[in-house]
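Peer 1: Below you'll find the structure I mean.
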Amino acid sequence: MKLWDKGIATNELVEQFTVGLDREMDLYLAPFDVMGTMAHITMLQTIGLLEKNELDTLLAELKKIYATAAAGKLKIEDDVEDIHSQVELMLTRSLGDMGKKVHSGRSRNDQVLVDMKLYLRHEVRQIFDLAASLFKTLIALSDKHKDDLMPGYTHLQVAMPSSFGLWFGAYAECLTDDLRMLSAAYKVINQNPLGSAAGYGSSFPLNRTLTTKLLGFSDLNYNVVCAQMGRGKTEQDLSFAMAAMAQTLSRMAMDMCMYNSQDLGFVHLPDEFTTGSSIMPHKKNPDVWELVRGKCNRIKALPTDITLTISNLPSGYHRDLQLLKEQIIPAINDLKDCLRLAELMLKNTEVRKDIMKEPKYQLAFSVEVVNKLVLSGVPFRDAYKQVAFDIKDGRFVPETHINHTHEGSIGNLCNDQIDRKFAEVSASFDFASVEAAVNSLVK
Ligand code: ARG
């Protein structure tokens, strides 16, 4: 079944190649496709293209289809090429000619564009919720372990005293910056492209302001050519935010793999959170963190991947854009999994206390000794030299009573300030008004 069937069968290979992964990818768009149609036909009735009784009948049927799609039960039949065709087919099957009226004044380019915006908006909320939960766990762990020291490294060489409080809190603060990127992408996403039709608008007097309101978008993509160019650009903007978050997670994962090794042994993973080896009976590997690292490193390539897909495309719709779905949808799923698993692992990680009492970390206190001399009146460079010679001659005695007080240091983590920044960025997402609009459309 093809919406554009004119009685000539398409070559089978051409058919397979052009449909590609759409039948799988479009299932992610299913509830949003139905939602878009509900808003579109509600608007069509206001401009005289549907009777009120037709609208009511169509909406009632679409609500049923929506419920099936939202429950993940909608299927795209074997000979149907995409979700847009499937929904129109279902409507026509149950309502006859009335079902054939819903496509006035729009095109599938328009549909997939609005579907993607609605889907991405929904996914941003999921990503936000998972990141927010991870943030809270990190802050709680930071507070709990504020007095548990560990060595800080530069060049992978023992450098200065750090703490688990500082380490956990660092990732919490980095996540707030990633959420700023996500918030910027969300603002781009949350604009209505519907009504651009094939990319050049329609001679019907479409009320795009109404569909904007019905779908809970905060604004319109006014210029229809710009709206069409949003396909790809929107995915690209979101991919930058995803890559930023992936950067934070992959670094955390690498730290965890190292800290968990027998050589450092700063943390311990309970057996249920490790995997074994088929040959080495003793192994308890941190595979979760390794996969988080690997998946997140791949997500860092997503902006490049998307950028190349849309490079040199002139304005207007091109079938290349279909490939964006198979780039961004699996990446979103991966990022959500990584956020979920990172939090699970952190919550189940035991932190080793008294690491700094080990003699091999004594030199991490060298700057503390230098600073103590400075406070007693010795100029910094002279104090530095004195300590250097003490170390060289085996006379160095570490100063383990440390007193760091400035903002963001081991003695003054400022987690309340990091919390404040998190609250600020959280307030920039208007999930509640979106949810209210969507619920009144589909329920
Ligand atoms: N599957 C297509 C996509 O994702 C839907 C739009 C098809 N439009 C067209 N003119 N062939 O881009």
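Lettering and numbering for the structure tokens are positional, with chains as A, B, ... in the shown order, residues counted from 1 in each chain, and ligands counted from 1 in the shown order.
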Go through the chains and note each residue within 12 Å of ligand 1, using only C-alpha atoms and all ligand atoms, then give the set as a PyMOL selection string.

Peer 2: chain A and resi 2-4+15+17-27+29+33+80-85+106-116+197-199+228+231-232+316-327

Peer 1: Put those residues in a file: N, CA and C atoms, as a short mmCIF file (atom, residue, chain, number, x, y, z; two decimals), in the first residue's frame.

Peer 2:
```cif
data_model
loop_
_atom_site.label_atom_id
_atom_site.label_comp_id
_atom_site.auth_asym_id
_atom_site.auth_seq_id
_atom_site.Cartn_x
_atom_site.Cartn_y
_atom_site.Cartn_z
N LYS A 2 0.65 2.07 -0.99
CA LYS A 2 1.39 3.34 -1.02
C LYS A 2 0.41 4.49 -1.17
N LEU A 3 0.67 5.55 -0.40
CA LEU A 3 -0.20 6.71 -0.50
C LEU A 3 -0.10 7.32 -1.89
N TRP A 4 1.07 7.10 -2.51
CA TRP A 4 1.32 7.75 -3.81
C TRP A 4 1.16 6.78 -4.97
N GLU A 15 12.27 -0.41 -3.91
CA GLU A 15 11.32 -0.36 -2.80
C GLU A 15 12.04 -0.62 -1.47
N PHE A 17 15.23 -0.54 -0.78
CA PHE A 17 16.30 0.43 -0.52
C PHE A 17 15.74 1.75 -0.01
N THR A 18 14.63 2.17 -0.60
CA THR A 18 14.09 3.48 -0.21
C THR A 18 13.34 3.40 1.13
N VAL A 19 12.70 2.29 1.39
CA VAL A 19 12.03 2.16 2.69
C VAL A 19 13.07 2.02 3.79
N GLY A 20 14.15 1.31 3.49
CA GLY A 20 15.27 1.21 4.44
C GLY A 20 14.83 0.75 5.82
N LEU A 21 15.24 1.49 6.84
CA LEU A 21 14.90 1.12 8.22
C LEU A 21 13.64 1.84 8.72
N ASP A 22 12.93 2.49 7.80
CA ASP A 22 11.78 3.29 8.23
C ASP A 22 10.75 2.51 9.03
N ARG A 23 10.52 1.26 8.61
CA ARG A 23 9.45 0.54 9.29
C ARG A 23 9.80 0.27 10.76
N GLU A 24 11.09 0.16 11.06
CA GLU A 24 11.49 0.04 12.48
C GLU A 24 11.55 1.41 13.17
N MET A 25 12.20 2.36 12.50
CA MET A 25 12.40 3.68 13.12
C MET A 25 11.07 4.41 13.34
N ASP A 26 10.18 4.27 12.38
CA ASP A 26 8.92 5.01 12.47
C ASP A 26 8.04 4.56 13.64
N LEU A 27 8.31 3.36 14.17
CA LEU A 27 7.53 2.94 15.33
C LEU A 27 7.76 3.87 16.51
N LEU A 29 8.03 6.93 16.20
CA LEU A 29 7.30 8.17 15.92
C LEU A 29 5.79 7.98 16.00
N ASP A 33 2.99 10.81 15.51
CA ASP A 33 2.34 10.97 14.21
C ASP A 33 0.84 11.13 14.39
N VAL A 80 3.24 -1.83 3.99
CA VAL A 80 3.04 -0.39 4.23
C VAL A 80 4.41 0.24 4.45
N GLU A 81 4.67 1.39 3.78
CA GLU A 81 6.05 1.86 3.82
C GLU A 81 6.45 2.68 5.04
N ASP A 82 5.51 3.33 5.68
CA ASP A 82 5.92 4.15 6.84
C ASP A 82 4.75 4.37 7.79
N ILE A 83 5.00 5.04 8.87
CA ILE A 83 3.96 5.24 9.89
C ILE A 83 2.85 6.16 9.37
N HIS A 84 3.23 7.11 8.54
CA HIS A 84 2.22 8.06 8.04
C HIS A 84 1.18 7.31 7.20
N SER A 85 1.67 6.40 6.36
CA SER A 85 0.76 5.60 5.51
C SER A 85 -0.08 4.67 6.38
N ARG A 106 -1.24 19.11 3.90
CA ARG A 106 0.04 18.71 4.50
C ARG A 106 0.70 17.64 3.62
N SER A 107 1.93 17.31 3.93
CA SER A 107 2.62 16.27 3.17
C SER A 107 3.36 15.39 4.17
N ARG A 108 3.88 14.28 3.71
CA ARG A 108 4.64 13.45 4.65
C ARG A 108 5.91 14.15 5.13
N ASN A 109 6.45 15.04 4.28
CA ASN A 109 7.63 15.82 4.72
C ASN A 109 7.26 16.61 5.97
N ASP A 110 6.05 17.16 5.92
CA ASP A 110 5.52 17.94 7.02
C ASP A 110 5.32 17.06 8.25
N GLN A 111 4.76 15.87 7.99
CA GLN A 111 4.44 14.96 9.08
C GLN A 111 5.69 14.46 9.80
N VAL A 112 6.66 14.02 9.02
CA VAL A 112 7.85 13.47 9.65
C VAL A 112 8.61 14.56 10.41
N LEU A 113 8.51 15.78 9.87
CA LEU A 113 9.16 16.92 10.52
C LEU A 113 8.54 17.18 11.90
N VAL A 114 7.21 17.24 11.93
CA VAL A 114 6.55 17.52 13.22
C VAL A 114 6.67 16.29 14.14
N ASP A 115 6.61 15.10 13.55
CA ASP A 115 6.77 13.88 14.36
C ASP A 115 8.12 13.89 15.08
N MET A 116 9.14 14.24 14.34
CA MET A 116 10.49 14.24 14.93
C MET A 116 10.60 15.29 16.04
N ALA A 197 3.89 21.92 4.89
CA ALA A 197 3.45 20.99 3.83
C ALA A 197 4.67 20.34 3.16
N ALA A 198 4.78 20.40 1.86
CA ALA A 198 5.94 19.77 1.24
C ALA A 198 7.21 20.60 1.43
N GLY A 199 7.04 21.76 2.04
CA GLY A 199 8.19 22.63 2.29
C GLY A 199 7.95 24.05 1.81
N GLN A 228 11.31 23.53 7.09
CA GLN A 228 11.81 22.30 6.47
C GLN A 228 13.30 22.10 6.73
N ARG A 231 14.69 20.12 9.70
CA ARG A 231 15.00 18.67 9.66
C ARG A 231 16.50 18.56 9.48
N GLY A 232 17.16 17.95 10.38
CA GLY A 232 18.62 17.84 10.29
C GLY A 232 19.28 18.84 11.21
N GLY A 316 14.97 22.75 1.14
CA GLY A 316 13.92 21.85 0.65
C GLY A 316 14.13 20.44 1.15
N TYR A 317 13.17 19.59 0.86
CA TYR A 317 13.23 18.20 1.35
C TYR A 317 14.08 17.33 0.43
N HIS A 318 14.83 16.43 1.03
CA HIS A 318 15.61 15.41 0.28
C HIS A 318 15.51 14.10 1.04
N ARG A 319 15.50 13.00 0.34
CA ARG A 319 15.31 11.71 1.00
C ARG A 319 16.47 11.36 1.93
N ASP A 320 17.64 12.00 1.71
CA ASP A 320 18.78 11.81 2.62
C ASP A 320 18.34 11.98 4.08
N LEU A 321 17.38 12.90 4.27
CA LEU A 321 16.98 13.26 5.63
C LEU A 321 16.40 12.07 6.40
N GLN A 322 15.89 11.11 5.65
CA GLN A 322 15.34 9.91 6.30
C GLN A 322 16.40 9.22 7.17
N LEU A 323 17.66 9.29 6.73
CA LEU A 323 18.74 8.59 7.45
C LEU A 323 18.97 9.15 8.85
N LEU A 324 18.55 10.40 9.06
CA LEU A 324 18.76 11.02 10.37
C LEU A 324 18.10 10.21 11.48
N LYS A 325 16.97 9.60 11.14
CA LYS A 325 16.25 8.84 12.17
C LYS A 325 17.10 7.70 12.69
N GLU A 326 17.75 6.98 11.76
CA GLU A 326 18.54 5.82 12.22
C GLU A 326 19.86 6.24 12.85
N GLN A 327 20.20 7.53 12.73
CA GLN A 327 21.38 8.03 13.44
C GLN A 327 21.02 8.44 14.86
#
```

Peer 1: Quick one: DSSP helix (DSSP H, G or I) residues in stretch 40-279 of chain A, as JSON, numbers by chain?

Peer 2: {"A": [40, 41, 42, 43, 44, 45, 46, 52, 53, 54, 55, 56, 57, 58, 59, 60, 61, 62, 63, 64, 65, 66, 67, 68, 69, 70, 83, 84, 85, 86, 87, 88, 89, 90, 91, 92, 93, 94, 95, 96, 97, 98, 99, 100, 101, 108, 109, 110, 111, 112, 113, 114, 115, 116, 117, 118, 119, 120, 121, 122, 123, 124, 125, 126, 127, 128, 129, 130, 131, 132, 133, 134, 135, 136, 137, 138, 139, 140, 141, 142, 143, 144, 164, 165, 166, 167, 168, 169, 170, 171, 172, 173, 174, 175, 176, 177, 178, 179, 180, 181, 182, 183, 184, 185, 186, 187, 188, 189, 208, 209, 210, 211, 212, 213, 214, 224, 225, 226, 227, 228, 229, 230, 231, 232, 233, 234, 235, 236, 237, 238, 239, 240, 241, 242, 243, 244, 245, 246, 247, 248, 249, 250, 251, 252, 253, 254, 255, 256, 257, 258, 259, 260, 271, 272, 273]}

Peer 1: Using the selection just defined, write its residues with C-alpha atoms as a short mmCIF file (atom, residue, chain, number, x, y, z; two decimals), in the first residue's frame.

Peer 2:
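Output file selection_4.cif is given in full below:
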```
data_model
loop_
_atom_site.label_atom_id
_atom_site.label_comp_id
_atom_site.auth_asym_id
_atom_site.auth_seq_id
_atom_site.Cartn_x
_atom_site.Cartn_y
_atom_site.Cartn_z
CA HIS A 40 -3.96 19.07 12.03
CA ILE A 41 -7.55 17.90 11.59
CA THR A 42 -8.79 19.94 14.55
CA MET A 43 -7.39 22.92 12.69
CA LEU A 44 -8.83 21.73 9.31
CA GLN A 45 -12.32 21.79 10.81
CA THR A 46 -11.90 25.42 11.89
CA LYS A 52 -17.74 19.00 13.02
CA ASN A 53 -19.26 15.50 13.05
CA GLU A 54 -16.45 14.24 10.79
CA LEU A 55 -13.85 15.74 13.11
CA ASP A 56 -15.45 14.14 16.16
CA THR A 57 -15.56 10.72 14.49
CA LEU A 58 -11.98 10.99 13.26
CA LEU A 59 -10.70 12.18 16.64
CA ALA A 60 -12.42 9.33 18.45
CA GLU A 61 -10.77 6.85 16.10
CA LEU A 62 -7.39 8.57 16.39
CA LYS A 63 -7.59 8.45 20.17
CA LYS A 64 -7.88 4.68 19.94
CA ILE A 65 -4.94 4.49 17.55
CA TYR A 66 -2.98 6.79 19.84
CA ALA A 67 -3.57 4.52 22.83
CA THR A 68 -2.34 1.52 20.82
CA ALA A 69 0.73 3.46 19.65
CA ALA A 70 1.52 4.83 23.11
CA ILE A 83 3.96 5.24 9.89
CA HIS A 84 2.22 8.06 8.04
CA SER A 85 0.76 5.60 5.51
CA GLN A 86 -0.16 3.14 8.27
CA VAL A 87 -2.20 5.66 10.25
CA GLU A 88 -4.04 6.88 7.15
CA LEU A 89 -4.70 3.26 6.16
CA MET A 90 -6.14 2.45 9.60
CA LEU A 91 -8.41 5.48 9.49
CA THR A 92 -9.62 4.72 6.00
CA ARG A 93 -10.23 1.08 6.86
CA SER A 94 -12.44 1.95 9.78
CA LEU A 95 -14.04 5.18 8.55
CA GLY A 96 -13.96 4.96 4.76
CA ASP A 97 -13.83 8.21 2.78
CA MET A 98 -13.63 10.32 5.93
CA GLY A 99 -10.18 8.85 6.59
CA LYS A 100 -9.01 10.09 3.21
CA LYS A 101 -9.64 13.71 4.19
CA ARG A 108 4.64 13.45 4.65
CA ASN A 109 7.63 15.82 4.72
CA ASP A 110 5.52 17.94 7.02
CA GLN A 111 4.44 14.96 9.08
CA VAL A 112 7.85 13.47 9.65
CA LEU A 113 9.16 16.92 10.52
CA VAL A 114 6.55 17.52 13.22
CA ASP A 115 6.77 13.88 14.36
CA MET A 116 10.49 14.24 14.93
CA LYS A 117 10.04 17.50 16.85
CA LEU A 118 7.43 15.90 19.09
CA TYR A 119 9.49 12.74 19.53
CA LEU A 120 12.69 14.67 20.30
CA ARG A 121 10.85 16.91 22.74
CA HIS A 122 9.56 13.82 24.52
CA GLU A 123 13.02 12.26 24.56
CA VAL A 124 14.67 15.43 25.88
CA ARG A 125 12.37 15.17 28.84
CA GLN A 126 13.42 11.55 29.42
CA ILE A 127 17.08 12.49 29.12
CA PHE A 128 16.54 15.41 31.48
CA ASP A 129 14.79 13.24 34.06
CA LEU A 130 17.57 10.63 33.99
CA ALA A 131 20.28 13.28 34.15
CA ALA A 132 18.49 15.02 37.02
CA SER A 133 18.31 11.78 38.95
CA LEU A 134 21.99 11.10 38.31
CA PHE A 135 22.77 14.67 39.40
CA LYS A 136 20.97 14.17 42.70
CA THR A 137 22.77 10.90 43.34
CA LEU A 138 26.11 12.54 42.64
CA ILE A 139 25.43 15.44 45.00
CA ALA A 140 24.27 13.03 47.73
CA LEU A 141 27.42 10.93 47.31
CA SER A 142 29.54 14.07 47.32
CA ASP A 143 28.00 15.22 50.59
CA LYS A 144 28.33 11.75 52.10
CA PHE A 164 35.47 11.60 46.84
CA GLY A 165 33.31 14.58 47.77
CA LEU A 166 35.17 16.68 45.22
CA TRP A 167 35.15 13.92 42.60
CA PHE A 168 31.40 13.13 42.78
CA GLY A 169 30.53 16.83 42.96
CA ALA A 170 32.66 17.56 39.88
CA TYR A 171 30.52 15.33 37.73
CA ALA A 172 27.35 16.84 39.20
CA GLU A 173 28.48 20.33 38.24
CA CYS A 174 29.59 19.21 34.77
CA LEU A 175 26.13 17.71 34.24
CA THR A 176 24.51 21.08 34.95
CA ASP A 177 26.49 22.57 32.08
CA ASP A 178 25.43 19.69 29.84
CA LEU A 179 21.84 20.47 30.80
CA ARG A 180 22.35 24.06 29.64
CA MET A 181 23.21 22.67 26.21
CA LEU A 182 20.17 20.40 26.40
CA SER A 183 18.01 23.37 27.33
CA ALA A 184 19.24 25.30 24.27
CA ALA A 185 18.49 22.32 22.02
CA TYR A 186 15.06 21.99 23.67
CA LYS A 187 14.22 25.59 22.76
CA VAL A 188 15.07 24.87 19.13
CA ILE A 189 13.07 21.65 19.16
CA ARG A 208 -0.60 27.34 12.19
CA THR A 209 -0.98 29.33 15.40
CA LEU A 210 -3.76 26.95 16.40
CA THR A 211 -1.74 23.76 15.76
CA THR A 212 1.15 25.35 17.68
CA LYS A 213 -1.11 25.79 20.69
CA LEU A 214 -2.75 22.37 20.37
CA VAL A 224 8.11 27.34 5.82
CA VAL A 225 11.46 26.87 4.09
CA CYS A 226 13.23 27.41 7.40
CA ALA A 227 10.78 24.97 9.00
CA GLN A 228 11.81 22.30 6.47
CA MET A 229 15.48 23.07 7.01
CA GLY A 230 14.83 22.34 10.67
CA ARG A 231 15.00 18.67 9.66
CA GLY A 232 18.62 17.84 10.29
CA LYS A 233 19.45 21.13 11.95
CA THR A 234 17.31 20.21 14.95
CA GLU A 235 18.90 16.77 15.21
CA GLN A 236 22.31 18.39 14.84
CA ASP A 237 21.64 20.84 17.69
CA LEU A 238 20.44 18.08 19.98
CA SER A 239 23.40 15.90 19.03
CA PHE A 240 25.79 18.57 20.34
CA ALA A 241 24.03 18.52 23.71
CA MET A 242 24.06 14.73 23.73
CA ALA A 243 27.76 14.70 22.91
CA ALA A 244 28.44 17.09 25.78
CA MET A 245 26.65 14.80 28.20
CA ALA A 246 28.38 11.77 26.70
CA GLN A 247 31.71 13.49 27.31
CA THR A 248 30.90 13.83 31.01
CA LEU A 249 29.76 10.21 31.25
CA SER A 250 32.66 8.69 29.32
CA ARG A 251 35.15 10.47 31.54
CA MET A 252 33.37 9.31 34.66
CA ALA A 253 33.40 5.78 33.25
CA MET A 254 37.14 5.90 32.62
CA ASP A 255 37.79 7.17 36.15
CA MET A 256 35.66 4.35 37.54
CA CYS A 257 37.45 1.68 35.50
CA MET A 258 40.77 2.96 36.83
CA TYR A 259 39.68 3.45 40.41
CA ASN A 260 38.25 -0.06 40.42
CA ASP A 271 29.95 -8.93 42.41
CA GLU A 272 26.45 -8.50 40.96
CA PHE A 273 27.66 -5.40 39.19
#
```

Peer 1: Give the answer as one residue: which of A:Asn190, A:Ser409, A:Asp337, A:Pro161 has the shortest atom-to-atom distance to A:Val367, using only C-alpha atoms?

Peer 2: A:Pro161

Peer 1: Quick one: of A:Ile418, A:Phe429, A:Phe380, A:Gln362, who's nearest to A:Val158, counting only C-alpha atoms?

Peer 2: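 Between A:Ile418, A:Phe429, A:Phe380, A:Gln362, the residue approaching A:Val158 most closely is A:Gln362.
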
Peer 1: As a count of residues only, please: the residues near stretch 146-153 of chain A (cut-off 9 Å, only C-alpha atoms, same-chain neighbours under 3 positions excluded).

Peer 2: 27

Peer 1: Please provide the set of residues having any atom within 7 Å of A:Asp334, restricted to only C-alpha atoms, with same-chain residues fewer than 4 positions apart removed, written as a list in words.

Peer 2: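 Listed by chain and then number, they are Lys295, Pro330 and Cys338 of chain A.
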
Peer 1: Would you save the residues from that selection as a short mmCIF file (atom, residue, chain, number, x, y, z; two decimals), in the first residue's frame, using N, CA and C atoms?

Peer 2:
```cif
data_model
loop_
_atom_site.label_atom_id
_atom_site.label_comp_id
_atom_site.auth_asym_id
_atom_site.auth_seq_id
_atom_site.Cartn_x
_atom_site.Cartn_y
_atom_site.Cartn_z
N LYS A 295 29.98 3.47 24.45
CA LYS A 295 28.76 4.03 23.84
C LYS A 295 28.83 5.55 23.83
N PRO A 330 18.77 5.52 17.77
CA PRO A 330 19.56 4.58 18.60
C PRO A 330 20.52 5.31 19.56
N CYS A 338 22.91 4.71 29.25
CA CYS A 338 24.15 5.05 29.96
C CYS A 338 23.87 5.87 31.21
#
```
